[in-house]
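Data from start-v9.pdb: PDB, C-alpha atoms and all ligand atoms
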```pdb
ATOM      1  CA  MET A   1      -4.030  30.507 -13.530
ATOM      2  CA  ILE A   2      -0.734  28.695 -13.220
ATOM      3  CA  ARG A   3      -0.799  25.416 -11.400
ATOM      4  CA  CYS A   4       1.933  23.440  -9.748
ATOM      5  CA  VAL A   5       2.471  19.892 -11.022
ATOM      6  CA  CYS A   6       0.682  18.748  -7.890
ATOM      7  CA  GLY A   7      -2.389  20.589  -9.114
ATOM      8  CA  GLN A   8      -2.406  23.471  -6.642
ATOM      9  CA  PRO A   9      -2.560  27.089  -7.792
ATOM     10  CA  MET A  10       0.739  28.902  -7.403
ATOM     11  CA  GLU A  11       2.281  32.319  -7.817
ATOM     12  CA  SER A  12       3.630  32.799 -11.313
ATOM     13  CA  THR A  13       7.110  33.421  -9.959
ATOM     14  CA  ALA A  14       7.219  30.470  -7.581
ATOM     15  CA  SER A  15       8.611  27.129  -8.565
ATOM     16  CA  ARG A  16       6.175  25.283  -6.383
ATOM     17  CA  CYS A  17       2.885  25.814  -4.628
ATOM     18  CA  LYS A  18       2.377  26.545  -0.941
ATOM     19  CA  TYR A  19       1.645  22.873  -0.380
ATOM     20  CA  GLY A  20       5.181  22.001  -1.314
ATOM     21  CA  GLY A  21       4.585  20.147  -4.548
ATOM     22  CA  GLY A  22       7.818  20.242  -6.489
ATOM     23  CA  MET A  23       8.424  20.589 -10.193
ATOM     24  CA  SER A  24      10.595  17.516  -9.932
ATOM     25  CA  LEU A  25       7.543  15.404  -9.242
ATOM     26  CA  ALA A  26       6.904  13.737 -12.559
ATOM     27  CA  SER A  27       3.371  12.795 -13.411
ATOM     28  CA  GLY A  28       4.148   9.119 -13.560
ATOM     29  CA  ARG A  29       5.858   9.000 -10.231
ATOM     30  CA  ILE A  30       4.498   6.167  -8.191
ATOM     31  CA  GLN A  31       7.478   4.735  -6.402
ATOM     32  CA  GLN A  32       9.105   5.968  -3.269
ATOM     33  CA  ASN A  33      12.422   4.327  -2.616
ATOM     34  CA  ILE A  34      13.299   3.836   0.998
ATOM     35  CA  GLY A  35      16.963   3.857   1.894
ATOM     36  CA  GLU A  36      19.418   1.306   0.627
ATOM     37  CA  THR A  37      18.359  -1.581  -1.532
ATOM     38  CA  ASP A  38      21.082  -4.140  -0.801
ATOM     39  CA  HIS A  39      18.767  -6.419   1.135
ATOM     40  CA  MET A  40      16.526  -6.653  -1.903
ATOM     41  CA  ALA A  41      19.189  -8.454  -3.901
ATOM     42  CA  GLY A  42      18.743 -11.464  -1.649
ATOM     43  CA  ASN A  43      14.979 -11.197  -1.705
ATOM     44  CA  THR A  44      13.613 -14.699  -2.179
ATOM     45  CA  GLY A  45      10.667 -13.668  -4.271
ATOM     46  CA  ARG A  46       8.242 -13.855  -1.394
ATOM     47  CA  VAL A  47       6.439 -10.554  -1.106
ATOM     48  CA  ILE A  48       3.618  -9.235   1.044
ATOM     49  CA  PHE A  49       1.776  -6.451  -0.762
ATOM     50  CA  LEU A  50       0.016  -4.313   1.812
ATOM     51  CA  ASP A  51      -2.767  -1.811   1.612
ATOM     52  CA  ARG A  52      -2.070   1.143   3.896
ATOM     53  CA  ASP A  53      -5.153   2.885   5.329
ATOM     54  CA  GLY A  54      -7.371   0.531   7.336
ATOM     55  CA  THR A  55      -4.745  -2.231   7.149
ATOM     56  CA  LEU A  56      -1.601  -0.732   8.719
ATOM     57  CA  ASN A  57      -3.066   2.434  10.212
ATOM     58  CA  GLU A  58      -6.465   3.671  11.285
ATOM     59  CA  GLU A  59      -8.632   4.773   8.402
ATOM     60  CA  VAL A  60      -8.600   8.589   8.299
ATOM     61  CA  HIS A  61     -10.144  10.310   5.290
ATOM     62  CA  TYR A  62      -7.361  11.728   3.126
ATOM     63  CA  LEU A  63      -4.698  11.039   5.742
ATOM     64  CA  HIS A  64      -1.609  13.123   5.075
ATOM     65  CA  ARG A  65      -0.457  14.634   8.393
ATOM     66  CA  ALA A  66       1.945  12.757  10.649
ATOM     67  CA  GLU A  67      -0.047  13.722  13.751
ATOM     68  CA  ASP A  68      -3.075  11.861  12.342
ATOM     69  CA  LEU A  69      -1.191   8.597  11.772
ATOM     70  CA  ARG A  70      -2.180   5.871  14.211
ATOM     71  CA  LEU A  71      -0.727   2.420  13.620
ATOM     72  CA  LEU A  72      -3.265  -0.341  14.287
ATOM     73  CA  PRO A  73      -2.608  -2.658  17.263
ATOM     74  CA  GLY A  74      -0.155  -5.468  16.533
ATOM     75  CA  VAL A  75       1.002  -4.031  13.217
ATOM     76  CA  PRO A  76       4.704  -3.510  14.080
ATOM     77  CA  GLU A  77       4.912  -7.062  15.436
ATOM     78  CA  ALA A  78       3.037  -8.539  12.447
ATOM     79  CA  LEU A  79       5.432  -6.849  10.013
ATOM     80  CA  ARG A  80       8.429  -8.085  11.978
ATOM     81  CA  MET A  81       7.077 -11.672  11.908
ATOM     82  CA  LEU A  82       6.611 -11.489   8.131
ATOM     83  CA  LYS A  83      10.040  -9.945   7.571
ATOM     84  CA  GLU A  84      11.709 -12.606   9.730
ATOM     85  CA  ALA A  85       9.870 -15.257   7.711
ATOM     86  CA  GLY A  86      11.622 -13.931   4.606
ATOM     87  CA  PHE A  87       8.996 -11.714   3.032
ATOM     88  CA  ALA A  88       9.658  -8.330   1.465
ATOM     89  CA  LEU A  89       7.092  -5.782   2.659
ATOM     90  CA  ILE A  90       5.646  -3.509  -0.010
ATOM     91  CA  VAL A  91       2.855  -0.975   0.417
ATOM     92  CA  VAL A  92       0.554  -0.328  -2.543
ATOM     93  CA  THR A  93      -1.828   2.542  -1.831
ATOM     94  CA  ASN A  94      -4.297   4.660  -3.819
ATOM     95  CA  GLN A  95      -3.764   8.315  -2.882
ATOM     96  CA  ALA A  96      -6.452  10.178  -4.794
ATOM     97  CA  GLY A  97      -6.045  13.019  -2.306
ATOM     98  CA  VAL A  98      -3.064  14.059  -4.430
ATOM     99  CA  ALA A  99      -5.202  13.981  -7.578
ATOM    100  CA  ARG A 100      -7.852  16.081  -5.854
ATOM    101  CA  GLY A 101      -5.275  18.616  -4.706
ATOM    102  CA  TYR A 102      -5.845  17.964  -0.990
ATOM    103  CA  TYR A 103      -2.158  17.211  -0.429
ATOM    104  CA  THR A 104       0.988  16.610  -2.443
ATOM    105  CA  CYS A 105       3.279  13.744  -3.353
ATOM    106  CA  ARG A 106       5.765  15.287  -0.987
ATOM    107  CA  ASP A 107       3.237  14.996   1.878
ATOM    108  CA  VAL A 108       2.634  11.346   1.015
ATOM    109  CA  GLU A 109       6.344  10.574   1.011
ATOM    110  CA  ALA A 110       6.947  12.430   4.268
ATOM    111  CA  LEU A 111       4.130  10.460   5.884
ATOM    112  CA  HIS A 112       5.636   7.185   4.683
ATOM    113  CA  ALA A 113       9.048   8.076   6.066
ATOM    114  CA  TYR A 114       7.340   8.908   9.361
ATOM    115  CA  MET A 115       5.439   5.621   9.315
ATOM    116  CA  ASN A 116       8.687   3.698   8.977
ATOM    117  CA  ARG A 117      10.178   5.661  11.858
ATOM    118  CA  ARG A 118       7.172   4.789  14.029
ATOM    119  CA  LEU A 119       7.406   1.121  13.038
ATOM    120  CA  ARG A 120      11.084   1.071  13.968
ATOM    121  CA  GLU A 121      10.435   2.782  17.300
ATOM    122  CA  ASN A 122       7.726   0.246  18.097
ATOM    123  CA  GLY A 123       9.900  -2.803  17.478
ATOM    124  CA  GLY A 124       8.465  -3.510  14.047
ATOM    125  CA  ALA A 125      10.000  -4.155  10.653
ATOM    126  CA  GLU A 126      10.091  -1.267   8.222
ATOM    127  CA  ILE A 127       8.285  -1.253   4.893
ATOM    128  CA  ASP A 128      10.799  -1.996   2.106
ATOM    129  CA  ALA A 129       9.091   0.177  -0.486
ATOM    130  CA  PHE A 130       5.994   2.299  -0.816
ATOM    131  CA  TYR A 131       4.146   2.570  -4.115
ATOM    132  CA  TYR A 132       1.301   5.016  -4.399
ATOM    133  CA  CYS A 133      -1.101   6.087  -7.114
ATOM    134  CA  PRO A 134      -1.629   9.865  -7.126
ATOM    135  CA  HIS A 135      -4.234   9.747  -9.915
ATOM    136  CA  HIS A 136      -7.997   9.791 -10.271
ATOM    137  CA  PRO A 137      -9.825   9.228 -13.559
ATOM    138  CA  VAL A 138     -12.656  11.702 -12.806
ATOM    139  CA  HIS A 139     -11.749  13.955  -9.897
ATOM    140  CA  GLY A 140      -8.077  14.478 -10.667
ATOM    141  CA  ILE A 141      -6.749  17.958 -11.335
ATOM    142  CA  GLY A 142      -4.397  18.605 -14.239
ATOM    143  CA  ILE A 143      -1.902  15.861 -14.893
ATOM    144  CA  TYR A 144      -3.411  13.729 -12.144
ATOM    145  CA  LYS A 145      -6.696  13.286 -13.998
ATOM    146  CA  THR A 146      -6.000  10.092 -15.828
ATOM    147  CA  ALA A 147      -7.301   6.564 -16.087
ATOM    148  CA  CYS A 148      -3.970   5.092 -15.066
ATOM    149  CA  ARG A 149      -2.849   1.508 -14.681
ATOM    150  CA  CYS A 150      -1.594   1.995 -11.153
ATOM    151  CA  ARG A 151      -4.845   2.793  -9.336
ATOM    152  CA  LYS A 152      -6.042  -0.378  -7.596
ATOM    153  CA  PRO A 153      -7.659  -2.670  -8.675
ATOM    154  CA  GLY A 154      -5.173  -2.036 -11.482
ATOM    155  CA  ILE A 155      -1.831  -3.759 -11.163
ATOM    156  CA  GLY A 156       0.584  -1.002 -12.225
ATOM    157  CA  MET A 157       2.071  -0.636  -8.732
ATOM    158  CA  PHE A 158       2.670  -4.381  -8.498
ATOM    159  CA  GLU A 159       4.394  -4.375 -11.871
ATOM    160  CA  ALA A 160       6.478  -1.375 -10.847
ATOM    161  CA  ALA A 161       7.632  -3.356  -7.790
ATOM    162  CA  GLU A 162       8.932  -6.099 -10.083
ATOM    163  CA  LYS A 163      11.586  -3.688 -11.331
ATOM    164  CA  THR A 164      13.174  -3.765  -7.875
ATOM    165  CA  PHE A 165      11.942  -6.984  -6.284
ATOM    166  CA  ALA A 166      11.804 -10.565  -7.414
ATOM    167  CA  VAL A 167       8.181 -11.665  -7.052
ATOM    168  CA  ASP A 168       7.228 -15.325  -6.819
ATOM    169  CA  LYS A 169       3.466 -15.035  -7.159
ATOM    170  CA  THR A 170       2.797 -18.502  -5.738
ATOM    171  CA  HIS A 171       4.390 -17.428  -2.452
ATOM    172  CA  SER A 172       3.273 -13.804  -2.372
ATOM    173  CA  TYR A 173       0.143 -12.240  -0.944
ATOM    174  CA  MET A 174      -1.993  -9.112  -0.986
ATOM    175  CA  ILE A 175      -3.469  -7.977   2.325
ATOM    176  CA  GLY A 176      -6.116  -5.254   2.530
ATOM    177  CA  ASP A 177      -9.436  -4.182   4.024
ATOM    178  CA  LYS A 178     -11.318  -3.267   0.846
ATOM    179  CA  GLU A 179     -12.682  -5.215  -2.080
ATOM    180  CA  LEU A 180     -10.483  -3.325  -4.536
ATOM    181  CA  ASP A 181      -7.409  -4.545  -2.632
ATOM    182  CA  ILE A 182      -8.544  -8.130  -2.997
ATOM    183  CA  GLN A 183      -9.404  -7.568  -6.670
ATOM    184  CA  ALA A 184      -6.002  -6.016  -7.296
ATOM    185  CA  GLY A 185      -4.312  -9.049  -5.735
ATOM    186  CA  HIS A 186      -6.378 -11.405  -7.869
ATOM    187  CA  ASN A 187      -5.800  -9.347 -11.011
ATOM    188  CA  TYR A 188      -2.084  -9.555 -10.352
ATOM    189  CA  GLY A 189      -2.227 -13.258  -9.549
ATOM    190  CA  VAL A 190      -1.482 -13.570  -5.831
ATOM    191  CA  SER A 191      -3.589 -14.879  -2.944
ATOM    192  CA  SER A 192      -5.486 -12.179  -1.098
ATOM    193  CA  VAL A 193      -6.284 -11.823   2.578
ATOM    194  CA  LEU A 194      -9.092  -9.545   3.778
ATOM    195  CA  VAL A 195      -8.415  -8.072   7.214
ATOM    196  CA  GLY A 196     -11.237  -7.144   9.588
ATOM    197  CA  THR A 197      -9.731  -3.777  10.448
ATOM    198  CA  GLY A 198     -10.818  -0.687   8.496
ATOM    199  CA  TYR A 199     -13.780  -1.661   6.290
ATOM    200  CA  GLY A 200     -12.969  -5.392   6.253
ATOM    201  CA  ALA A 201     -15.267  -6.726   8.988
ATOM    202  CA  GLU A 202     -18.243  -4.826   7.587
ATOM    203  CA  LEU A 203     -17.454  -6.079   4.103
ATOM    204  CA  LYS A 204     -17.316  -9.678   5.302
ATOM    205  CA  ARG A 205     -20.636  -9.292   7.111
ATOM    206  CA  GLU A 206     -22.304  -7.801   4.034
ATOM    207  CA  THR A 207     -20.913 -10.564   1.847
ATOM    208  CA  GLU A 208     -22.306 -13.236   4.165
ATOM    209  CA  GLU A 209     -25.685 -11.525   4.556
ATOM    210  CA  LYS A 210     -26.117 -11.381   0.790
ATOM    211  CA  GLY A 211     -25.241 -15.061   0.560
ATOM    212  CA  ARG A 212     -22.434 -14.131  -1.796
ATOM    213  CA  ALA A 213     -19.400 -16.384  -2.119
ATOM    214  CA  PRO A 214     -16.324 -14.894  -0.429
ATOM    215  CA  PHE A 215     -14.290 -12.823  -2.872
ATOM    216  CA  TYR A 216     -11.179 -13.176  -0.732
ATOM    217  CA  ASP A 217      -9.013 -16.250  -0.243
ATOM    218  CA  TYR A 218      -8.826 -15.863   3.510
ATOM    219  CA  TYR A 219     -10.214 -13.605   6.209
ATOM    220  CA  ALA A 220      -8.197 -12.531   9.258
ATOM    221  CA  ASP A 221      -9.317 -10.289  12.098
ATOM    222  CA  ASP A 222      -6.229  -8.115  11.814
ATOM    223  CA  LEU A 223      -2.745  -7.965  10.308
ATOM    224  CA  LYS A 224      -1.189 -10.076  13.051
ATOM    225  CA  SER A 225      -3.595 -12.939  12.504
ATOM    226  CA  ALA A 226      -3.100 -12.562   8.724
ATOM    227  CA  ALA A 227       0.663 -12.865   9.303
ATOM    228  CA  GLN A 228       0.200 -15.976  11.455
ATOM    229  CA  TYR A 229      -1.997 -17.561   8.769
ATOM    230  CA  ILE A 230       0.462 -16.822   5.956
ATOM    231  CA  ILE A 231       3.509 -18.036   7.883
ATOM    232  CA  LYS A 232       1.735 -21.274   8.868
ATOM    233  CA  LYS A 233       0.573 -21.862   5.294
ATOM    234  CA  GLU A 234       4.058 -21.275   3.886
ATOM    235  CA  ASN A 235       5.620 -23.589   6.466
ATOM    236  CA  GLU A 236       3.118 -26.313   5.584
ATOM    237  CA  SER A 237       3.774 -25.963   1.879
ATOM    238  CA  ALA A 238       7.544 -26.089   2.497
ATOM    239  CA  GLN A 239       7.103 -29.335   4.457
ATOM    240  CA  ALA A 240       4.858 -30.803   1.774
ATOM    241  CA  ALA A 241       7.407 -30.056  -0.956
ATOM    242  CA  PRO A 242       9.522 -33.066  -2.009
TER
HETATM  243 ZN    ZN B   1      -2.266   5.959 -10.902
END
```
In structure tokens, write the structure found in this file.
Ligand SMILES: [Zn+2]
Amino acid sequence: MIRCVCGQPMESTASRCKYGGGMSLASGRIQQNIGETDHMAGNTGRVIFLDRDGTLNEEVHYLHRAEDLRLLPGVPEALRMLKEAGFALIVVTNQAGVARGYYTCRDVEALHAYMNRRLRENGGAEIDAFYYCPHHPVHGIGIYKTACRCRKPGIGMFEAAEKTFAVDKTHSYMIGDKELDIQAGHNYGVSSVLVGTGYGAELKRETEEKGRAPFYDYYADDLKSAAQYIIKKENESAQAAP
């Protein structure tokens, strides 16, 4: 059987499968550039790395259709606050659904373009760049079955971002709702905020019940309160600086 680069079976004469995976999608492709990059030249090095599902939008298993995308309350406003405070906004998301053949890189990129449109329409700031890992070490099909460096808690997506963005780790943050998000942030060397949306609240409760020390640097109920915390902290450190 002939398979498309996205892993789906395809007709021998077709250049891509019915799911739309294209032959131009290289196996190592993890970056999706969004529009012009001029504003990145003046990027101050302050970056917010954001998990996607459960942090920006409602957790939906293997989300890939625009009609299933629901931004969480306060997210457009939170992103606007962070952008106005001088942060670049970068999504880093594991998308093993590509590896498993449930959807394609093209679907992921279309969804991200749609997400930015929704953010704009709702008065929010757009995401500056989306990085996604289409791999899985065990369940991946074809070229997507690989123990890559980009899958969180690996830091490959963060390092890829450095090719486009200046990153000052002492003033950058990772925000997510899962332990692997927090681990990825720590592995990379930035402070990590666990949000209570998605799996975050449950994770915090479990951590406390087990008497385990918090694995995150800060807990916020949602992205807006995470944004308020980060902006306040940065303002305080700016005032404390000589
Ligand atoms: Zn990967």
Query - Test item: residues no farther than 10 Å from ligand ZN 1 (chain B), counting only C-alpha atoms and all ligand atoms, as a ChimeraX atom specification - result: /A:27-30,93-96,99,131-137,144-152,154-157
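Taking only C-alpha atoms into account, A:Val193 lies nearest to A:Thr55 out of the set A:Thr55, A:Glu121, A:Arg65, A:Glu236.
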Requested in this report: Apply the PyMOL selection byres (((chain A and resi 225) around 12) and not hetatm) to the displayed file and report the matching residues as an MDAnalysis selection string.
Outcome: chainID A and resid 73:75 77:79 81:82 175 193:197 218:224 226:232
Show me a table, sorted first by chain and then by increasing residue number, of the residues of stretch 158-207 of chain A having an atom at most 12 Å from stretch 86-91 of chain A, each with its shortest atom pair and the distance in Å to one decimal, counting only C-alpha atoms and written as JSON lines.
```
{"residue": "A:Phe158", "atom": "CA", "partner": "A:Ile90", "partner_atom": "CA", "distance": 9.0}
{"residue": "A:Glu159", "atom": "CA", "partner": "A:Ile90", "partner_atom": "CA", "distance": 12.0}
{"residue": "A:Ala160", "atom": "CA", "partner": "A:Ile90", "partner_atom": "CA", "distance": 11.1}
{"residue": "A:Ala161", "atom": "CA", "partner": "A:Ile90", "partner_atom": "CA", "distance": 8.0}
{"residue": "A:Glu162", "atom": "CA", "partner": "A:Ile90", "partner_atom": "CA", "distance": 10.9}
{"residue": "A:Thr164", "atom": "CA", "partner": "A:Ile90", "partner_atom": "CA", "distance": 10.9}
{"residue": "A:Phe165", "atom": "CA", "partner": "A:Ala88", "partner_atom": "CA", "distance": 8.2}
{"residue": "A:Ala166", "atom": "CA", "partner": "A:Ala88", "partner_atom": "CA", "distance": 9.4}
{"residue": "A:Val167", "atom": "CA", "partner": "A:Ala88", "partner_atom": "CA", "distance": 9.3}
{"residue": "A:Asp168", "atom": "CA", "partner": "A:Phe87", "partner_atom": "CA", "distance": 10.6}
{"residue": "A:His171", "atom": "CA", "partner": "A:Phe87", "partner_atom": "CA", "distance": 9.2}
{"residue": "A:Ser172", "atom": "CA", "partner": "A:Phe87", "partner_atom": "CA", "distance": 8.1}
{"residue": "A:Tyr173", "atom": "CA", "partner": "A:Phe87", "partner_atom": "CA", "distance": 9.7}
{"residue": "A:Met174", "atom": "CA", "partner": "A:Ile90", "partner_atom": "CA", "distance": 9.5}
{"residue": "A:Ile175", "atom": "CA", "partner": "A:Val91", "partner_atom": "CA", "distance": 9.6}
{"residue": "A:Gly176", "atom": "CA", "partner": "A:Val91", "partner_atom": "CA", "distance": 10.2}
{"residue": "A:Asp181", "atom": "CA", "partner": "A:Val91", "partner_atom": "CA", "distance": 11.3}
```
Write the residues of the preceding selection, restricted to C-alpha atoms, as a PDB file, keeping the file's coordinate frame.
```
ATOM      1  CA  PHE A 158       2.670  -4.381  -8.498  1.00  0.00           C
ATOM      2  CA  GLU A 159       4.394  -4.375 -11.871  1.00  0.00           C
ATOM      3  CA  ALA A 160       6.478  -1.375 -10.847  1.00  0.00           C
ATOM      4  CA  ALA A 161       7.632  -3.356  -7.790  1.00  0.00           C
ATOM      5  CA  GLU A 162       8.932  -6.099 -10.083  1.00  0.00           C
ATOM      6  CA  THR A 164      13.174  -3.765  -7.875  1.00  0.00           C
ATOM      7  CA  PHE A 165      11.942  -6.984  -6.284  1.00  0.00           C
ATOM      8  CA  ALA A 166      11.804 -10.565  -7.414  1.00  0.00           C
ATOM      9  CA  VAL A 167       8.181 -11.665  -7.052  1.00  0.00           C
ATOM     10  CA  ASP A 168       7.228 -15.325  -6.819  1.00  0.00           C
ATOM     11  CA  HIS A 171       4.390 -17.428  -2.452  1.00  0.00           C
ATOM     12  CA  SER A 172       3.273 -13.804  -2.372  1.00  0.00           C
ATOM     13  CA  TYR A 173       0.143 -12.240  -0.944  1.00  0.00           C
ATOM     14  CA  MET A 174      -1.993  -9.112  -0.986  1.00  0.00           C
ATOM     15  CA  ILE A 175      -3.469  -7.977   2.325  1.00  0.00           C
ATOM     16  CA  GLY A 176      -6.116  -5.254   2.530  1.00  0.00           C
ATOM     17  CA  ASP A 181      -7.409  -4.545  -2.632  1.00  0.00           C
TER      18      ASP A 181
END
```
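Taking atom CA of A:His61 and atom CA of A:Glu208 as endpoints, the distance between them is 26.5 Å.
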Report task. Please provide the set of residues having any atom within 12 Å of A:Pro214, restricted to all atoms listed in the file, with same-chain residues fewer than 2 positions apart removed, written as a PyMOL selection string. Result -> chain A and resi 179+182-183+192-194+203-212+216-219
Produce a file of the selected residues containing C-alpha atoms, as a compact mmCIF listing (two decimals), in the coordinates of the input.
```txt
# COMPACT_ATOMS: atom_id res chain seq x y z
CA GLU A 179 -12.68 -5.22 -2.08
CA ILE A 182 -8.54 -8.13 -3.00
CA GLN A 183 -9.40 -7.57 -6.67
CA SER A 192 -5.49 -12.18 -1.10
CA VAL A 193 -6.28 -11.82 2.58
CA LEU A 194 -9.09 -9.54 3.78
CA LEU A 203 -17.45 -6.08 4.10
CA LYS A 204 -17.32 -9.68 5.30
CA ARG A 205 -20.64 -9.29 7.11
CA GLU A 206 -22.30 -7.80 4.03
CA THR A 207 -20.91 -10.56 1.85
CA GLU A 208 -22.31 -13.24 4.16
CA GLU A 209 -25.68 -11.52 4.56
CA LYS A 210 -26.12 -11.38 0.79
CA GLY A 211 -25.24 -15.06 0.56
CA ARG A 212 -22.43 -14.13 -1.80
CA TYR A 216 -11.18 -13.18 -0.73
CA ASP A 217 -9.01 -16.25 -0.24
CA TYR A 218 -8.83 -15.86 3.51
CA TYR A 219 -10.21 -13.60 6.21
```
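Atom pair atom CA of A:Phe49 / atom CA of A:Tyr102 has a distance of 25.6 Å (rounded to one decimal).
With all atoms listed in the file as the basis for measurement, A:Arg52 is the residue among A:Arg80, A:Arg52, A:Lys163, A:Arg46 that approaches A:Phe130 most closely.
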Please determine an axis-aligned box that encloses all atoms of stretch 162-179 of chain A listed in the file, with 8 Å added on each side, and express its centre and edge lengths in Å to one decimal as JSON.
```
{"center_x": 0.2, "center_y": -10.9, "center_z": -3.7, "size_x": 41.9, "size_y": 31.2, "size_z": 31.4}
```
Query - atom CA of A:Asn116 to atom CA of A:Lys83, straight-line distance in Å - result: 13.8 Å
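Taking all atoms listed in the file into account, the residues near (5.2, 5.3, 9.0), no farther than 10 Å, are A:Arg52, A:Leu56, A:Asn57, A:Ala66, A:Leu69, A:Arg70, A:Leu71, A:Glu109, A:Ala110, A:Leu111, A:His112, A:Ala113, A:Tyr114, A:Met115, A:Asn116, A:Arg117, A:Arg118, A:Leu119, A:Arg120, A:Glu126, A:Ile127.
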Query - Selected residue, from A:His186, A:Lys178, A:Ala240, A:Pro76, that lies nearest to A:Gly123 when counting all atoms listed in the file - result: A:Pro76
Query raised in the report: Taking into account only C-alpha atoms, which residue in the set A:Val60, A:Ala184, A:Ala85, A:Ala241 is nearest to A:Ala125?
Result: A:Ala85
Where atoms are lacking, stretch 56-76 of chain A completed to N, CA and C atoms, as a PDB file, keeping the file's coordinate frame:
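Written output follows (out11.pdb):
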```pdb
ATOM      1  N   LEU A  56      -2.753  -1.015   7.854  1.00  0.00           N
ATOM      2  CA  LEU A  56      -1.601  -0.732   8.719  1.00  0.00           C
ATOM      3  C   LEU A  56      -1.942   0.326   9.758  1.00  0.00           C
ATOM      4  N   ASN A  57      -2.719   1.315   9.325  1.00  0.00           N
ATOM      5  CA  ASN A  57      -3.066   2.434  10.212  1.00  0.00           C
ATOM      6  C   ASN A  57      -4.564   2.667  10.190  1.00  0.00           C
ATOM      7  N   GLU A  58      -5.042   3.355  11.210  1.00  0.00           N
ATOM      8  CA  GLU A  58      -6.465   3.671  11.285  1.00  0.00           C
ATOM      9  C   GLU A  58      -6.894   4.441  10.054  1.00  0.00           C
ATOM     10  N   GLU A  59      -8.075   4.083   9.563  1.00  0.00           N
ATOM     11  CA  GLU A  59      -8.632   4.773   8.402  1.00  0.00           C
ATOM     12  C   GLU A  59      -8.954   6.219   8.786  1.00  0.00           C
ATOM     13  N   VAL A  60      -8.319   7.164   8.112  1.00  0.00           N
ATOM     14  CA  VAL A  60      -8.600   8.589   8.299  1.00  0.00           C
ATOM     15  C   VAL A  60      -8.794   9.137   6.896  1.00  0.00           C
ATOM     16  N   HIS A  61      -9.907   9.811   6.640  1.00  0.00           N
ATOM     17  CA  HIS A  61     -10.144  10.310   5.290  1.00  0.00           C
ATOM     18  C   HIS A  61      -9.028  11.245   4.844  1.00  0.00           C
ATOM     19  N   TYR A  62      -8.426  10.912   3.725  1.00  0.00           N
ATOM     20  CA  TYR A  62      -7.361  11.728   3.126  1.00  0.00           C
ATOM     21  C   TYR A  62      -6.235  12.014   4.120  1.00  0.00           C
ATOM     22  N   LEU A  63      -5.819  10.937   4.800  1.00  0.00           N
ATOM     23  CA  LEU A  63      -4.698  11.039   5.742  1.00  0.00           C
ATOM     24  C   LEU A  63      -3.457  11.600   5.054  1.00  0.00           C
ATOM     25  N   HIS A  64      -2.881  12.635   5.615  1.00  0.00           N
ATOM     26  CA  HIS A  64      -1.609  13.123   5.075  1.00  0.00           C
ATOM     27  C   HIS A  64      -0.741  13.790   6.134  1.00  0.00           C
ATOM     28  N   ARG A  65      -1.260  13.985   7.346  1.00  0.00           N
ATOM     29  CA  ARG A  65      -0.457  14.634   8.393  1.00  0.00           C
ATOM     30  C   ARG A  65       0.057  13.588   9.380  1.00  0.00           C
ATOM     31  N   ALA A  66       1.324  13.714   9.731  1.00  0.00           N
ATOM     32  CA  ALA A  66       1.945  12.757  10.649  1.00  0.00           C
ATOM     33  C   ALA A  66       1.161  12.643  11.948  1.00  0.00           C
ATOM     34  N   GLU A  67       0.644  13.774  12.450  1.00  0.00           N
ATOM     35  CA  GLU A  67      -0.047  13.722  13.751  1.00  0.00           C
ATOM     36  C   GLU A  67      -1.352  12.926  13.683  1.00  0.00           C
ATOM     37  N   ASP A  68      -1.838  12.643  12.475  1.00  0.00           N
ATOM     38  CA  ASP A  68      -3.075  11.861  12.342  1.00  0.00           C
ATOM     39  C   ASP A  68      -2.811  10.372  12.107  1.00  0.00           C
ATOM     40  N   LEU A  69      -1.532  10.006  12.034  1.00  0.00           N
ATOM     41  CA  LEU A  69      -1.191   8.597  11.772  1.00  0.00           C
ATOM     42  C   LEU A  69      -1.251   7.784  13.065  1.00  0.00           C
ATOM     43  N   ARG A  70      -2.112   6.779  13.069  1.00  0.00           N
ATOM     44  CA  ARG A  70      -2.180   5.871  14.211  1.00  0.00           C
ATOM     45  C   ARG A  70      -2.054   4.433  13.697  1.00  0.00           C
ATOM     46  N   LEU A  71      -0.924   3.820  14.012  1.00  0.00           N
ATOM     47  CA  LEU A  71      -0.727   2.420  13.620  1.00  0.00           C
ATOM     48  C   LEU A  71      -1.755   1.568  14.345  1.00  0.00           C
ATOM     49  N   LEU A  72      -2.299   0.553  13.664  1.00  0.00           N
ATOM     50  CA  LEU A  72      -3.265  -0.341  14.287  1.00  0.00           C
ATOM     51  C   LEU A  72      -2.535  -1.287  15.243  1.00  0.00           C
ATOM     52  N   PRO A  73      -3.239  -1.772  16.279  1.00  0.00           N
ATOM     53  CA  PRO A  73      -2.608  -2.658  17.263  1.00  0.00           C
ATOM     54  C   PRO A  73      -2.000  -3.897  16.607  1.00  0.00           C
ATOM     55  N   GLY A  74      -0.799  -4.242  17.018  1.00  0.00           N
ATOM     56  CA  GLY A  74      -0.155  -5.468  16.533  1.00  0.00           C
ATOM     57  C   GLY A  74       0.541  -5.339  15.192  1.00  0.00           C
ATOM     58  N   VAL A  75       0.425  -4.188  14.559  1.00  0.00           N
ATOM     59  CA  VAL A  75       1.002  -4.031  13.217  1.00  0.00           C
ATOM     60  C   VAL A  75       2.537  -4.102  13.202  1.00  0.00           C
ATOM     61  N   PRO A  76       3.238  -3.403  14.105  1.00  0.00           N
ATOM     62  CA  PRO A  76       4.704  -3.510  14.080  1.00  0.00           C
ATOM     63  C   PRO A  76       5.168  -4.961  14.248  1.00  0.00           C
TER      64      PRO A  76
END
```
